[in-house]
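The data block below is model_28.pdb; it holds PDB, C-alpha atoms and all ligand atoms.
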```pdb
ATOM      1  CA  MET W   1      -3.074  13.189  13.019
ATOM      2  CA  ARG W   2       0.338  14.368  14.201
ATOM      3  CA  ALA W   3       0.974  18.102  13.675
ATOM      4  CA  ASP W   4       4.304  17.323  11.998
ATOM      5  CA  VAL W   5       2.488  15.123   9.447
ATOM      6  CA  ARG W   6      -0.226  17.723   8.867
ATOM      7  CA  ALA W   7       2.545  20.190   7.957
ATOM      8  CA  LEU W   8       3.659  17.920   5.079
ATOM      9  CA  LEU W   9       0.226  17.846   3.441
ATOM     10  CA  ARG W  10      -0.799  20.033   0.511
ATOM     11  CA  CYS W  11      -4.305  21.011  -0.539
ATOM     12  CA  PRO W  12      -5.352  18.721  -3.444
ATOM     13  CA  HIS W  13      -7.089  21.674  -5.147
ATOM     14  CA  CYS W  14      -4.534  24.488  -4.914
ATOM     15  CA  GLY W  15      -1.325  22.918  -3.557
ATOM     16  CA  GLU W  16      -1.101  25.220  -0.522
ATOM     17  CA  PRO W  17      -0.247  23.919   2.958
ATOM     18  CA  PHE W  18      -3.161  23.482   5.359
ATOM     19  CA  GLN W  19      -3.517  25.884   8.252
ATOM     20  CA  PRO W  20      -2.365  24.566  11.595
ATOM     21  CA  GLY W  21      -5.284  23.893  13.882
ATOM     22  CA  PRO W  22      -6.301  21.810  16.817
ATOM     23  CA  GLY W  23      -9.251  19.953  15.211
ATOM     24  CA  PRO W  24      -9.295  17.271  12.544
ATOM     25  CA  ARG W  25     -10.618  19.623   9.822
ATOM     26  CA  LEU W  26      -8.037  20.425   7.124
ATOM     27  CA  GLN W  27      -8.419  23.919   5.673
ATOM     28  CA  CYS W  28      -6.152  25.796   3.255
ATOM     29  CA  PRO W  29      -5.799  29.595   2.958
ATOM     30  CA  ALA W  30      -8.038  29.568  -0.170
ATOM     31  CA  GLY W  31     -10.863  28.031   1.883
ATOM     32  CA  HIS W  32     -10.812  24.449   0.587
ATOM     33  CA  SER W  33     -11.685  22.317   3.549
ATOM     34  CA  PHE W  34     -11.921  18.616   4.337
ATOM     35  CA  ASP W  35     -13.463  16.847   7.296
ATOM     36  CA  ALA W  36     -12.403  13.429   8.487
ATOM     37  CA  ALA W  37     -14.850  10.561   7.986
ATOM     38  CA  LYS W  38     -15.916   8.967  11.252
ATOM     39  CA  GLN W  39     -13.374   6.182  10.738
ATOM     40  CA  GLY W  40     -10.630   8.823  10.523
ATOM     41  CA  TYR W  41      -9.715   8.961   6.825
ATOM     42  CA  TYR W  42     -10.177  11.972   4.492
ATOM     43  CA  ASN W  43     -11.760  11.873   1.065
ATOM     44  CA  PHE W  44      -9.718  14.202  -1.170
ATOM     45  CA  LEU W  45     -11.481  12.956  -4.313
ATOM     46  CA  THR W  46     -14.746  14.796  -3.584
ATOM     47  CA  GLY W  47     -16.365  16.180  -6.701
ATOM     48  CA  LYS W  48     -13.717  14.736  -9.002
ATOM     49  CA  GLY W  49     -14.057  11.008  -8.501
ATOM     50  CA  THR W  50     -11.686   8.739 -10.385
ATOM     51  CA  SER W  51     -11.938   6.671 -13.533
ATOM     52  CA  PHE W  52     -10.354   3.684 -11.759
ATOM     53  CA  THR W  53     -12.360   0.885 -10.162
ATOM     54  CA  ALA W  54     -11.819   0.865  -6.421
ATOM     55  CA  ASP W  55     -11.675  -2.354  -4.442
ATOM     56  CA  SER W  56     -15.157  -3.213  -3.154
ATOM     57  CA  ALA W  57     -16.194  -3.775   0.471
ATOM     58  CA  ALA W  58     -16.099  -7.557  -0.117
ATOM     59  CA  MET W  59     -12.580  -7.366  -1.591
ATOM     60  CA  ALA W  60     -11.341  -5.267   1.339
ATOM     61  CA  ALA W  61     -12.935  -7.687   3.827
ATOM     62  CA  SER W  62     -11.237 -10.661   2.118
ATOM     63  CA  ARG W  63      -7.891  -8.828   2.115
ATOM     64  CA  ALA W  64      -8.135  -7.952   5.800
ATOM     65  CA  ALA W  65      -9.166 -11.508   6.747
ATOM     66  CA  PHE W  66      -6.347 -13.101   4.755
ATOM     67  CA  LEU W  67      -3.621 -10.722   5.946
ATOM     68  CA  GLU W  68      -4.767 -10.872   9.579
ATOM     69  CA  ARG W  69      -4.072 -14.595   9.535
ATOM     70  CA  GLY W  70      -0.403 -13.728   9.007
ATOM     71  CA  HIS W  71       0.036 -15.537   5.697
ATOM     72  CA  TYR W  72       2.134 -12.710   4.234
ATOM     73  CA  ALA W  73       4.062 -11.909   7.436
ATOM     74  CA  PRO W  74       7.378 -12.961   5.798
ATOM     75  CA  LEU W  75       6.737 -10.374   3.080
ATOM     76  CA  ALA W  76       5.997  -7.661   5.643
ATOM     77  CA  GLU W  77       9.225  -8.561   7.447
ATOM     78  CA  ALA W  78      11.256  -8.464   4.212
ATOM     79  CA  LEU W  79       9.685  -5.162   3.171
ATOM     80  CA  ALA W  80      10.478  -3.570   6.521
ATOM     81  CA  GLY W  81      14.043  -4.917   6.333
ATOM     82  CA  MET W  82      14.555  -3.449   2.891
ATOM     83  CA  VAL W  83      13.265  -0.027   3.973
ATOM     84  CA  ARG W  84      15.410  -0.124   7.123
ATOM     85  CA  ASP W  85      18.552  -1.023   5.163
ATOM     86  CA  ALA W  86      17.937   1.705   2.581
ATOM     87  CA  LEU W  87      17.351   4.338   5.278
ATOM     88  CA  SER W  88      20.218   3.444   7.568
ATOM     89  CA  ASP W  89      21.095   7.167   7.762
ATOM     90  CA  ALA W  90      17.520   8.231   8.572
ATOM     91  CA  GLU W  91      16.114  10.112  11.521
ATOM     92  CA  ALA W  92      14.264   8.263  14.241
ATOM     93  CA  ASP W  93      10.768   8.840  12.865
ATOM     94  CA  PRO W  94      10.901   8.484   9.085
ATOM     95  CA  VAL W  95       7.989   9.593   6.899
ATOM     96  CA  VAL W  96       6.572   6.496   5.179
ATOM     97  CA  VAL W  97       4.028   6.901   2.362
ATOM     98  CA  ASP W  98       2.028   3.860   1.217
ATOM     99  CA  ALA W  99       0.582   4.313  -2.285
ATOM    100  CA  GLY W 100      -2.360   1.968  -2.881
ATOM    101  CA  ALA W 101      -2.255   1.061   0.808
ATOM    102  CA  GLY W 102      -5.381  -1.094   0.764
ATOM    103  CA  THR W 103      -6.293  -2.146   4.300
ATOM    104  CA  GLY W 104      -3.061  -0.645   5.675
ATOM    105  CA  TYR W 105      -1.467  -3.945   6.694
ATOM    106  CA  TYR W 106       1.993  -3.254   5.244
ATOM    107  CA  LEU W 107       2.048   0.353   6.454
ATOM    108  CA  HIS W 108       1.344  -0.867   9.966
ATOM    109  CA  GLU W 109       3.856  -3.692   9.795
ATOM    110  CA  VAL W 110       6.625  -1.530   8.319
ATOM    111  CA  THR W 111       6.200   1.492  10.591
ATOM    112  CA  SER W 112       5.971  -0.598  13.738
ATOM    113  CA  ARG W 113       9.117  -2.505  12.766
ATOM    114  CA  LEU W 114      10.971   0.706  11.911
ATOM    115  CA  SER W 115      10.224   2.225  15.285
ATOM    116  CA  SER W 116      11.032  -0.962  17.157
ATOM    117  CA  PRO W 117      13.168  -3.483  15.266
ATOM    118  CA  ASP W 118      12.036  -6.446  17.373
ATOM    119  CA  HIS W 119       8.429  -5.431  16.633
ATOM    120  CA  SER W 120       7.637  -5.103  20.319
ATOM    121  CA  ALA W 121       6.227  -1.564  20.330
ATOM    122  CA  ASP W 122       2.482  -1.084  19.907
ATOM    123  CA  ALA W 123       2.572   2.494  18.787
ATOM    124  CA  SER W 124       4.610   3.554  15.826
ATOM    125  CA  ALA W 125       7.064   6.428  16.007
ATOM    126  CA  SER W 126       7.028   6.756  12.232
ATOM    127  CA  ARG W 127       5.096   9.417  10.414
ATOM    128  CA  ALA W 128       2.747   7.523   8.118
ATOM    129  CA  VAL W 129       0.645   8.543   5.100
ATOM    130  CA  ALA W 130      -1.695   6.228   3.126
ATOM    131  CA  PHE W 131      -3.395   6.731  -0.239
ATOM    132  CA  ASP W 132      -5.961   4.501  -1.926
ATOM    133  CA  ILE W 133      -9.079   4.989  -4.040
ATOM    134  CA  SER W 134     -11.108   2.460  -2.010
ATOM    135  CA  LYS W 135     -12.848   3.958   1.011
ATOM    136  CA  PHE W 136     -13.781   0.429   2.068
ATOM    137  CA  ALA W 137     -10.105  -0.486   2.318
ATOM    138  CA  LEU W 138      -9.192   2.836   3.958
ATOM    139  CA  ARG W 139     -11.751   2.495   6.743
ATOM    140  CA  ARG W 140      -9.732  -0.512   7.813
ATOM    141  CA  ALA W 141      -6.388   1.205   7.120
ATOM    142  CA  ALA W 142      -7.360   4.141   9.330
ATOM    143  CA  ARG W 143      -8.416   1.810  12.158
ATOM    144  CA  LEU W 144      -5.191  -0.174  11.943
ATOM    145  CA  ASN W 145      -2.988   2.963  11.692
ATOM    146  CA  PRO W 146      -4.653   5.455  14.037
ATOM    147  CA  GLU W 147      -1.703   7.879  13.934
ATOM    148  CA  ALA W 148      -1.468   7.887  10.138
ATOM    149  CA  ALA W 149      -2.836  10.432   7.679
ATOM    150  CA  VAL W 150      -5.128   8.386   5.413
ATOM    151  CA  PHE W 151      -6.578   9.717   2.148
ATOM    152  CA  VAL W 152      -8.903   8.566  -0.573
ATOM    153  CA  TRP W 153      -6.787   9.720  -3.508
ATOM    154  CA  ASP W 154      -5.849   8.557  -6.991
ATOM    155  CA  VAL W 155      -2.070   8.056  -7.112
ATOM    156  CA  TRP W 156      -2.020   8.925 -10.818
ATOM    157  CA  ARG W 157      -2.753  12.532  -9.810
ATOM    158  CA  PRO W 158      -0.266  14.908  -8.188
ATOM    159  CA  LEU W 159       0.132  13.656  -4.626
ATOM    160  CA  PRO W 160      -1.076  16.090  -1.929
ATOM    161  CA  LEU W 161       2.345  16.184  -0.237
ATOM    162  CA  ALA W 162       5.233  18.690  -0.094
ATOM    163  CA  ASP W 163       8.344  18.264  -2.261
ATOM    164  CA  GLY W 164      11.077  16.115  -0.689
ATOM    165  CA  CYS W 165       9.115  15.422   2.502
ATOM    166  CA  ALA W 166       9.108  11.610   2.519
ATOM    167  CA  ASP W 167      11.774   9.069   3.470
ATOM    168  CA  ALA W 168      10.103   6.012   1.949
ATOM    169  CA  ALA W 169       7.348   5.232  -0.537
ATOM    170  CA  LEU W 170       5.822   1.730  -0.495
ATOM    171  CA  VAL W 171       4.003   0.255  -3.482
ATOM    172  CA  VAL W 172       2.708  -3.247  -2.785
ATOM    173  CA  PHE W 173       0.778  -4.683  -5.757
ATOM    174  CA  ALA W 174      -0.525  -1.214  -6.545
ATOM    175  CA  PRO W 175      -0.188   1.447  -9.275
ATOM    176  CA  ARG W 176       3.029   3.483  -9.531
ATOM    177  CA  ASN W 177       3.507   7.150 -10.313
ATOM    178  CA  PRO W 178       7.326   7.403 -10.502
ATOM    179  CA  ALA W 179       7.514  11.154 -11.252
ATOM    180  CA  GLU W 180       5.405  11.966  -8.204
ATOM    181  CA  PHE W 181       7.238   9.492  -5.973
ATOM    182  CA  ARG W 182      10.498  11.176  -6.956
ATOM    183  CA  ARG W 183       9.088  14.636  -6.215
ATOM    184  CA  ILE W 184       7.872  13.745  -2.716
ATOM    185  CA  LEU W 185      10.955  11.732  -1.686
ATOM    186  CA  ARG W 186      13.966  13.424  -0.133
ATOM    187  CA  PRO W 187      17.392  12.833  -1.681
ATOM    188  CA  GLY W 188      18.553   9.557  -0.132
ATOM    189  CA  GLY W 189      14.956   8.377   0.285
ATOM    190  CA  VAL W 190      13.720   5.093  -1.132
ATOM    191  CA  ALA W 191      10.801   3.708  -3.112
ATOM    192  CA  VAL W 192      10.187  -0.003  -2.520
ATOM    193  CA  VAL W 193       7.964  -1.788  -5.020
ATOM    194  CA  VAL W 194       6.612  -5.323  -4.470
ATOM    195  CA  THR W 195       5.501  -7.370  -7.490
ATOM    196  CA  PRO W 196       4.479 -11.048  -7.711
ATOM    197  CA  LEU W 197       6.807 -13.666  -9.189
ATOM    198  CA  PRO W 198       5.375 -15.853 -11.967
ATOM    199  CA  SER W 199       5.288 -18.717  -9.411
ATOM    200  CA  HIS W 200       2.998 -16.768  -7.061
ATOM    201  CA  LEU W 201      -0.115 -18.821  -6.138
ATOM    202  CA  ARG W 202       0.404 -21.023  -9.194
ATOM    203  CA  GLU W 203      -1.010 -24.185  -7.534
ATOM    204  CA  ILE W 204      -4.433 -22.544  -7.077
ATOM    205  CA  ALA W 205      -4.479 -20.274 -10.147
ATOM    206  CA  GLU W 206      -6.944 -22.452 -11.978
ATOM    207  CA  VAL W 207      -9.323 -23.444  -9.198
ATOM    208  CA  ALA W 208      -9.400 -19.885  -7.855
ATOM    209  CA  GLY W 209      -9.785 -18.242 -11.276
ATOM    210  CA  LEU W 210      -6.726 -16.000 -10.827
ATOM    211  CA  LEU W 211      -5.487 -13.704 -13.570
ATOM    212  CA  ASP W 212      -2.177 -14.625 -15.219
ATOM    213  CA  ILE W 213       1.015 -13.000 -13.943
ATOM    214  CA  GLU W 214       2.936 -11.791 -16.977
ATOM    215  CA  GLU W 215       6.577 -12.708 -17.437
ATOM    216  CA  GLY W 216       8.998  -9.787 -17.598
ATOM    217  CA  LYS W 217       7.271  -7.772 -14.857
ATOM    218  CA  THR W 218      10.543  -6.612 -13.297
ATOM    219  CA  GLU W 219      11.950  -5.497 -16.663
ATOM    220  CA  ARG W 220       8.833  -3.414 -17.246
ATOM    221  CA  LEU W 221       9.046  -2.096 -13.699
ATOM    222  CA  ASP W 222      12.661  -0.979 -14.187
ATOM    223  CA  ALA W 223      11.780   0.632 -17.519
ATOM    224  CA  GLY W 224       8.870   2.515 -15.932
ATOM    225  CA  MET W 225      10.894   3.693 -12.928
ATOM    226  CA  GLY W 226      14.162   4.312 -14.818
ATOM    227  CA  GLN W 227      13.704   7.931 -15.748
ATOM    228  CA  ASP W 228      13.158   9.007 -12.141
ATOM    229  CA  PHE W 229      14.943   6.324 -10.100
ATOM    230  CA  GLU W 230      17.934   4.035 -10.084
ATOM    231  CA  LEU W 231      17.742   0.481  -8.789
ATOM    232  CA  LEU W 232      19.398   0.186  -5.377
ATOM    233  CA  ASP W 233      18.537  -3.344  -4.263
ATOM    234  CA  ARG W 234      16.421  -6.278  -5.416
ATOM    235  CA  ARG W 235      15.433  -9.341  -3.413
ATOM    236  CA  SER W 236      13.272 -12.342  -4.262
ATOM    237  CA  LEU W 237      11.230 -14.076  -1.623
ATOM    238  CA  GLU W 238       9.525 -17.455  -1.959
ATOM    239  CA  PHE W 239       7.817 -19.443   0.770
ATOM    240  CA  THR W 240       5.044 -22.016   1.114
ATOM    241  CA  LEU W 241       1.599 -21.094   2.369
ATOM    242  CA  HIS W 242      -0.720 -23.699   3.874
ATOM    243  CA  LEU W 243      -4.189 -22.558   2.907
ATOM    244  CA  SER W 244      -7.639 -23.679   3.989
ATOM    245  CA  PRO W 245     -10.475 -23.551   1.432
ATOM    246  CA  ASP W 246     -11.557 -20.233   3.040
ATOM    247  CA  ASP W 247      -8.029 -18.854   2.661
ATOM    248  CA  VAL W 248      -7.978 -19.813  -1.022
ATOM    249  CA  ALA W 249     -11.293 -18.032  -1.592
ATOM    250  CA  ALA W 250     -10.056 -14.961   0.325
ATOM    251  CA  VAL W 251      -6.747 -14.689  -1.540
ATOM    252  CA  ALA W 252      -8.624 -14.870  -4.844
ATOM    253  CA  LEU W 253     -11.288 -12.333  -3.864
ATOM    254  CA  MET W 254      -8.795  -9.804  -2.460
ATOM    255  CA  GLY W 255      -6.777  -9.504  -5.680
ATOM    256  CA  PRO W 256      -7.520  -8.145  -9.140
ATOM    257  CA  ALA W 257      -9.593 -11.236  -9.988
ATOM    258  CA  GLY W 258     -11.937 -10.181  -7.157
ATOM    259  CA  HIS W 259     -13.410  -7.554  -9.496
ATOM    260  CA  HIS W 260     -14.778 -10.358 -11.722
ATOM    261  CA  LEU W 261     -15.194 -13.517  -9.620
ATOM    262  CA  ASP W 262     -18.554 -14.817  -8.472
ATOM    263  CA  PRO W 263     -17.999 -15.506  -4.741
ATOM    264  CA  GLU W 264     -20.630 -18.275  -4.600
ATOM    265  CA  ALA W 265     -19.179 -20.206  -7.535
ATOM    266  CA  LEU W 266     -15.673 -19.681  -6.153
ATOM    267  CA  ARG W 267     -16.591 -21.080  -2.735
ATOM    268  CA  GLU W 268     -18.177 -24.085  -4.367
ATOM    269  CA  ARG W 269     -14.965 -24.813  -6.282
ATOM    270  CA  THR W 270     -12.643 -24.231  -3.302
ATOM    271  CA  SER W 271     -14.784 -26.394  -0.979
ATOM    272  CA  ALA W 272     -13.481 -29.425  -2.884
ATOM    273  CA  LEU W 273      -9.907 -28.653  -1.730
ATOM    274  CA  GLY W 274      -8.303 -30.401   1.224
ATOM    275  CA  ARG W 275      -8.064 -28.782   4.662
ATOM    276  CA  SER W 276      -4.578 -27.455   3.931
ATOM    277  CA  THR W 277      -3.283 -26.863   0.406
ATOM    278  CA  PRO W 278       0.430 -26.068   0.000
ATOM    279  CA  VAL W 279       0.720 -22.990  -2.206
ATOM    280  CA  THR W 280       3.777 -21.004  -3.353
ATOM    281  CA  ALA W 281       3.978 -17.324  -2.417
ATOM    282  CA  GLY W 282       6.582 -15.544  -4.532
ATOM    283  CA  PHE W 283       7.530 -11.876  -4.615
ATOM    284  CA  THR W 284      10.157  -9.530  -5.955
ATOM    285  CA  LEU W 285      11.059  -6.533  -3.774
ATOM    286  CA  SER W 286      12.770  -3.717  -5.657
ATOM    287  CA  ALA W 287      14.275  -0.691  -3.895
ATOM    288  CA  TYR W 288      14.938   2.479  -5.895
ATOM    289  CA  ARG W 289      16.762   5.711  -5.089
ATOM    290  CA  PRO W 290      15.386   8.893  -6.611
ATOM    291  CA  ARG W 291      17.635  10.495  -9.223
ATOM    292  CA  PRO W 292      18.614  14.035  -8.230
ATOM    293  CA  VAL W 293      15.871  16.458  -9.351
TER
HETATM  294  C1  LIG G 301      -3.960  -5.478  -4.931
HETATM  295  S1  LIG G 301      -4.463  -4.189  -3.844
HETATM  296  C2  LIG G 301      -3.027  -3.972  -2.780
HETATM  297  C3  LIG G 301      -3.341  -3.264  -1.482
HETATM  298  C4  LIG G 301      -2.192  -3.245  -0.444
HETATM  299  N1  LIG G 301      -1.009  -2.597  -0.953
HETATM  300  C5  LIG G 301      -1.877  -4.649   0.005
HETATM  301  O1  LIG G 301      -1.003  -5.272  -0.596
HETATM  302  O2  LIG G 301      -2.520  -5.136   0.939
HETATM  303  C6  LIG G 301      -4.393  -2.769  -4.905
HETATM  304  C7  LIG G 301      -4.893  -1.501  -4.223
HETATM  305  O3  LIG G 301      -4.659  -0.393  -5.115
HETATM  306  C8  LIG G 301      -5.780   0.467  -5.030
HETATM  307  N2  LIG G 301      -5.773   1.295  -6.249
HETATM  308  C9  LIG G 301      -6.059   0.901  -7.526
HETATM  309  N3  LIG G 301      -5.916   1.958  -8.377
HETATM  310  C10 LIG G 301      -5.529   3.023  -7.607
HETATM  311  C11 LIG G 301      -5.223   4.391  -7.893
HETATM  312  N4  LIG G 301      -5.294   4.867  -9.141
HETATM  313  N5  LIG G 301      -4.861   5.196  -6.865
HETATM  314  C12 LIG G 301      -4.801   4.721  -5.594
HETATM  315  N6  LIG G 301      -5.073   3.437  -5.259
HETATM  316  C13 LIG G 301      -5.424   2.600  -6.257
HETATM  317  C14 LIG G 301      -6.967  -0.481  -4.875
HETATM  318  O4  LIG G 301      -8.118   0.158  -4.346
HETATM  319  C15 LIG G 301      -6.388  -1.537  -3.937
HETATM  320  O5  LIG G 301      -6.594  -1.220  -2.571
HETATM  321 ZN    ZN G 302      -6.743  24.840  -1.405
END
```

If you convert what's in this file into structure tokens, what do you get?
Amino acid sequence: MRADVRALLRCPHCGEPFQPGPGPRLQCPAGHSFDAAKQGYYNFLTGKGTSFTADSAAMAASRAAFLERGHYAPLAEALAGMVRDALSDAEADPVVVDAGAGTGYYLHEVTSRLSSPDHSADASASRAVAFDISKFALRRAARLNPEAAVFVWDVWRPLPLADGCADAALVVFAPRNPAEFRRILRPGGVAVVVTPLPSHLREIAEVAGLLDIEEGKTERLDAGMGQDFELLDRRSLEFTLHLSPDDVAAVALMGPAGHHLDPEALRERTSALGRSTPVTAGFTLSAYRPRPV
């Protein structure tokens, strides 16, 4: 982890900064200490746990497989573009926090595009932080983002980060904690939230057993964010995916329905699909500026 990222972290127990040090162990002045797992992430939820259900190993594997095939690359591109436009005044290596980062795909895509707009650089010059409650997802996130600080942490709790330290917060199909996002963002920073459009995956909703997408999601999003943020920019994105039966099973298992679906029964249903099913992908990207504290 970069020393300048370590300096932004706060002990999840007492809120103090961690002591500088050469090794991966994080230790605060009160003696709370955390060692990195062998894959490189830290579990800050030790002892406390969380009441939320984390994505399972099978869900994380489906997510990684689906995203690796590039199906959501246009979304990654649009997300990076929105962050770049909102931070046009930013320093060269912005601090990007991904809340509910999952397998770290969007964090990787956004930070590599921010450091090199044509996406040619391998290493990212951004300072990256990821939170998620699923260690299965974060093992992959840590591998994909070796420079990032990656934490098992419940985003409904106070985030273990200093006030005003972050340039951007990303929330891609994940829970939002607007008060905490506002606290950690600098004035002029941005929170970008991605939500599905009602048209998202509609052609396979039935065969794949997907949960309904409620109407009025953006109105509820604005209402939830409104006390702490003002809307800066909103963009809709729709494109057509061409999915194999395996892709259809993966996209179902990686989402919220993955908590309930029986993978065997799902594969049996999807095996009846043609080799390539055209499917709508539809997203709303909403960028918010923090209101002055
Ligand atoms: C639908 S996935 C999206 C993951 C990632 N943003 C992506 O789009 O690839 C939702 C993620 O939120 C995580 N999650 C759910 N509740 C959470 C919480 N309270 N705190 C942190 N992460 C949470 C899940 O473990 C899962 O990885
Ligand atoms: Zn402490």

Given the choices W:Arg183, W:Arg69, W:Arg157, W:Arg63, which gets closest to Ala137 in chain W if the distance is worked out from all atoms listed in the file?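 Among the listed residues, W:Arg63 lies closest to Ala137 in chain W.
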
Box for range 53-63 of chain W: with edges along x, y and z, all listed atoms inside and 8 Å added on each side, what are the centre and edge lengths in Å to one decimal, as JSON?
```
{"center_x": -12.0, "center_y": -4.9, "center_z": -3.2, "size_x": 24.3, "size_y": 27.5, "size_z": 30.0}
```

Which residue out of W:Arg176, W:Ala61, W:Ala191, W:Arg139 has the minimum interatomic distance to Val96 in chain W when all atoms listed in the file are used?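 The shortest atom-to-atom distance to Val96 in chain W comes from W:Ala191.
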
For CA of Glu215 in chain W and CA of Val194 in chain W, quote the distance in Å rounded to one decimal.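 Spanning CA of Glu215 in chain W to CA of Val194 in chain W is a straight-line distance of 14.9 Å.
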
Point-to-point distance in Å for CA of Pro94 in chain W and CA of Phe66 in chain W: 28.0 Å

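Closest approach to ligand LIG 301 (chain G) among W:Arg140, W:Arg186, W:Arg275, W:Lys38: W:Arg140, based on only C-alpha atoms and all ligand atoms.
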
Using all atoms listed in the file, find all polymer residues with an atom at most 10 Å away from the point (2.3, 1.7, -9.4); report them as a PDB file with C-alpha atoms, keeping the file's coordinate frame.
```pdb
ATOM      1  CA  ALA W  99       0.582   4.313  -2.285  1.00  0.00           C
ATOM      2  CA  GLY W 100      -2.360   1.968  -2.881  1.00  0.00           C
ATOM      3  CA  VAL W 155      -2.070   8.056  -7.112  1.00  0.00           C
ATOM      4  CA  TRP W 156      -2.020   8.925 -10.818  1.00  0.00           C
ATOM      5  CA  LEU W 170       5.822   1.730  -0.495  1.00  0.00           C
ATOM      6  CA  VAL W 171       4.003   0.255  -3.482  1.00  0.00           C
ATOM      7  CA  VAL W 172       2.708  -3.247  -2.785  1.00  0.00           C
ATOM      8  CA  PHE W 173       0.778  -4.683  -5.757  1.00  0.00           C
ATOM      9  CA  ALA W 174      -0.525  -1.214  -6.545  1.00  0.00           C
ATOM     10  CA  PRO W 175      -0.188   1.447  -9.275  1.00  0.00           C
ATOM     11  CA  ARG W 176       3.029   3.483  -9.531  1.00  0.00           C
ATOM     12  CA  ASN W 177       3.507   7.150 -10.313  1.00  0.00           C
ATOM     13  CA  PRO W 178       7.326   7.403 -10.502  1.00  0.00           C
ATOM     14  CA  PHE W 181       7.238   9.492  -5.973  1.00  0.00           C
ATOM     15  CA  VAL W 193       7.964  -1.788  -5.020  1.00  0.00           C
ATOM     16  CA  VAL W 194       6.612  -5.323  -4.470  1.00  0.00           C
ATOM     17  CA  THR W 195       5.501  -7.370  -7.490  1.00  0.00           C
ATOM     18  CA  LEU W 221       9.046  -2.096 -13.699  1.00  0.00           C
ATOM     19  CA  GLY W 224       8.870   2.515 -15.932  1.00  0.00           C
ATOM     20  CA  MET W 225      10.894   3.693 -12.928  1.00  0.00           C
TER      21      MET W 225
END
```

Evaluate the PyMOL selection byres (((not hetatm)) within 8 of (chain G and resi 301)) on the structure here and hand back the selected residues as a PyMOL selection string. chain W and resi 50+52-56+60+63-64+67+98-106+131-134+137+152-156+171-175+254-256

Taking the file as shown, what set of residues would the PyMOL selection byres (((not hetatm)) within 10 of (chain G and resi 302)) give back, as a PyMOL selection string? chain W and resi 10-18+26-34

Expanded to explicit residues, what is the PyMOL selection byres (((chain W and resi 203-213) around 12) and not hetatm) for this file, as a compact mmCIF listing (two decimals) with C-alpha atoms, in the frame of the given file?
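The resulting file, expr-v1.txt, is shown below:
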```txt
# COMPACT_ATOMS: atom_id res chain seq x y z
CA PHE W 173 0.78 -4.68 -5.76
CA THR W 195 5.50 -7.37 -7.49
CA PRO W 196 4.48 -11.05 -7.71
CA LEU W 197 6.81 -13.67 -9.19
CA PRO W 198 5.38 -15.85 -11.97
CA SER W 199 5.29 -18.72 -9.41
CA HIS W 200 3.00 -16.77 -7.06
CA LEU W 201 -0.12 -18.82 -6.14
CA ARG W 202 0.40 -21.02 -9.19
CA GLU W 214 2.94 -11.79 -16.98
CA GLU W 215 6.58 -12.71 -17.44
CA GLY W 216 9.00 -9.79 -17.60
CA LYS W 217 7.27 -7.77 -14.86
CA THR W 218 10.54 -6.61 -13.30
CA THR W 240 5.04 -22.02 1.11
CA LEU W 241 1.60 -21.09 2.37
CA HIS W 242 -0.72 -23.70 3.87
CA LEU W 243 -4.19 -22.56 2.91
CA SER W 244 -7.64 -23.68 3.99
CA PRO W 245 -10.48 -23.55 1.43
CA ASP W 246 -11.56 -20.23 3.04
CA ASP W 247 -8.03 -18.85 2.66
CA VAL W 248 -7.98 -19.81 -1.02
CA ALA W 249 -11.29 -18.03 -1.59
CA ALA W 250 -10.06 -14.96 0.32
CA VAL W 251 -6.75 -14.69 -1.54
CA ALA W 252 -8.62 -14.87 -4.84
CA LEU W 253 -11.29 -12.33 -3.86
CA MET W 254 -8.80 -9.80 -2.46
CA GLY W 255 -6.78 -9.50 -5.68
CA PRO W 256 -7.52 -8.14 -9.14
CA ALA W 257 -9.59 -11.24 -9.99
CA GLY W 258 -11.94 -10.18 -7.16
CA HIS W 259 -13.41 -7.55 -9.50
CA HIS W 260 -14.78 -10.36 -11.72
CA LEU W 261 -15.19 -13.52 -9.62
CA ASP W 262 -18.55 -14.82 -8.47
CA PRO W 263 -18.00 -15.51 -4.74
CA GLU W 264 -20.63 -18.27 -4.60
CA ALA W 265 -19.18 -20.21 -7.54
CA LEU W 266 -15.67 -19.68 -6.15
CA ARG W 267 -16.59 -21.08 -2.74
CA GLU W 268 -18.18 -24.08 -4.37
CA ARG W 269 -14.96 -24.81 -6.28
CA THR W 270 -12.64 -24.23 -3.30
CA SER W 271 -14.78 -26.39 -0.98
CA ALA W 272 -13.48 -29.42 -2.88
CA LEU W 273 -9.91 -28.65 -1.73
CA THR W 277 -3.28 -26.86 0.41
CA PRO W 278 0.43 -26.07 0.00
CA VAL W 279 0.72 -22.99 -2.21
CA THR W 280 3.78 -21.00 -3.35
CA ALA W 281 3.98 -17.32 -2.42
CA GLY W 282 6.58 -15.54 -4.53
CA PHE W 283 7.53 -11.88 -4.62
```

Distance CA of Arg235 in chain W-CA of Ala78 in chain W, one decimal place?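 Here the two named atoms are 8.7 Å from each other.
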
Pick the closest to Leu237 in chain W from W:Leu79, W:Arg182, W:Val190, W:Ser51: which is it, counting only C-alpha atoms? W:Leu79

Please identify all polymer residues lying at most 10 Å from the point (5.5, 16.1, -0.4) (file coordinates), using all atoms listed in the file, and present the result as a list in words. Ala7, Leu8, Leu9, Arg10, Val97, Pro158, Leu159, Pro160, Leu161, Ala162, Asp163, Gly164, Cys165, Ala166, Glu180, Phe181, Arg182, Arg183, Ile184, Leu185 and Arg186 of chain W

Contacts of Gly40 in chain W within 8 Å, all atoms listed in the file, excl. fewer than 6 positions in-chain, as a PyMOL selection string: chain W and resi 139+142-143+146+150

Between W:Leu107, W:Ala223, W:Leu285, W:Met82, which residue has the minimum interatomic distance to Ser236 in chain W, considering all atoms listed in the file?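 So, comparing all the options, the nearest one is W:Leu285.
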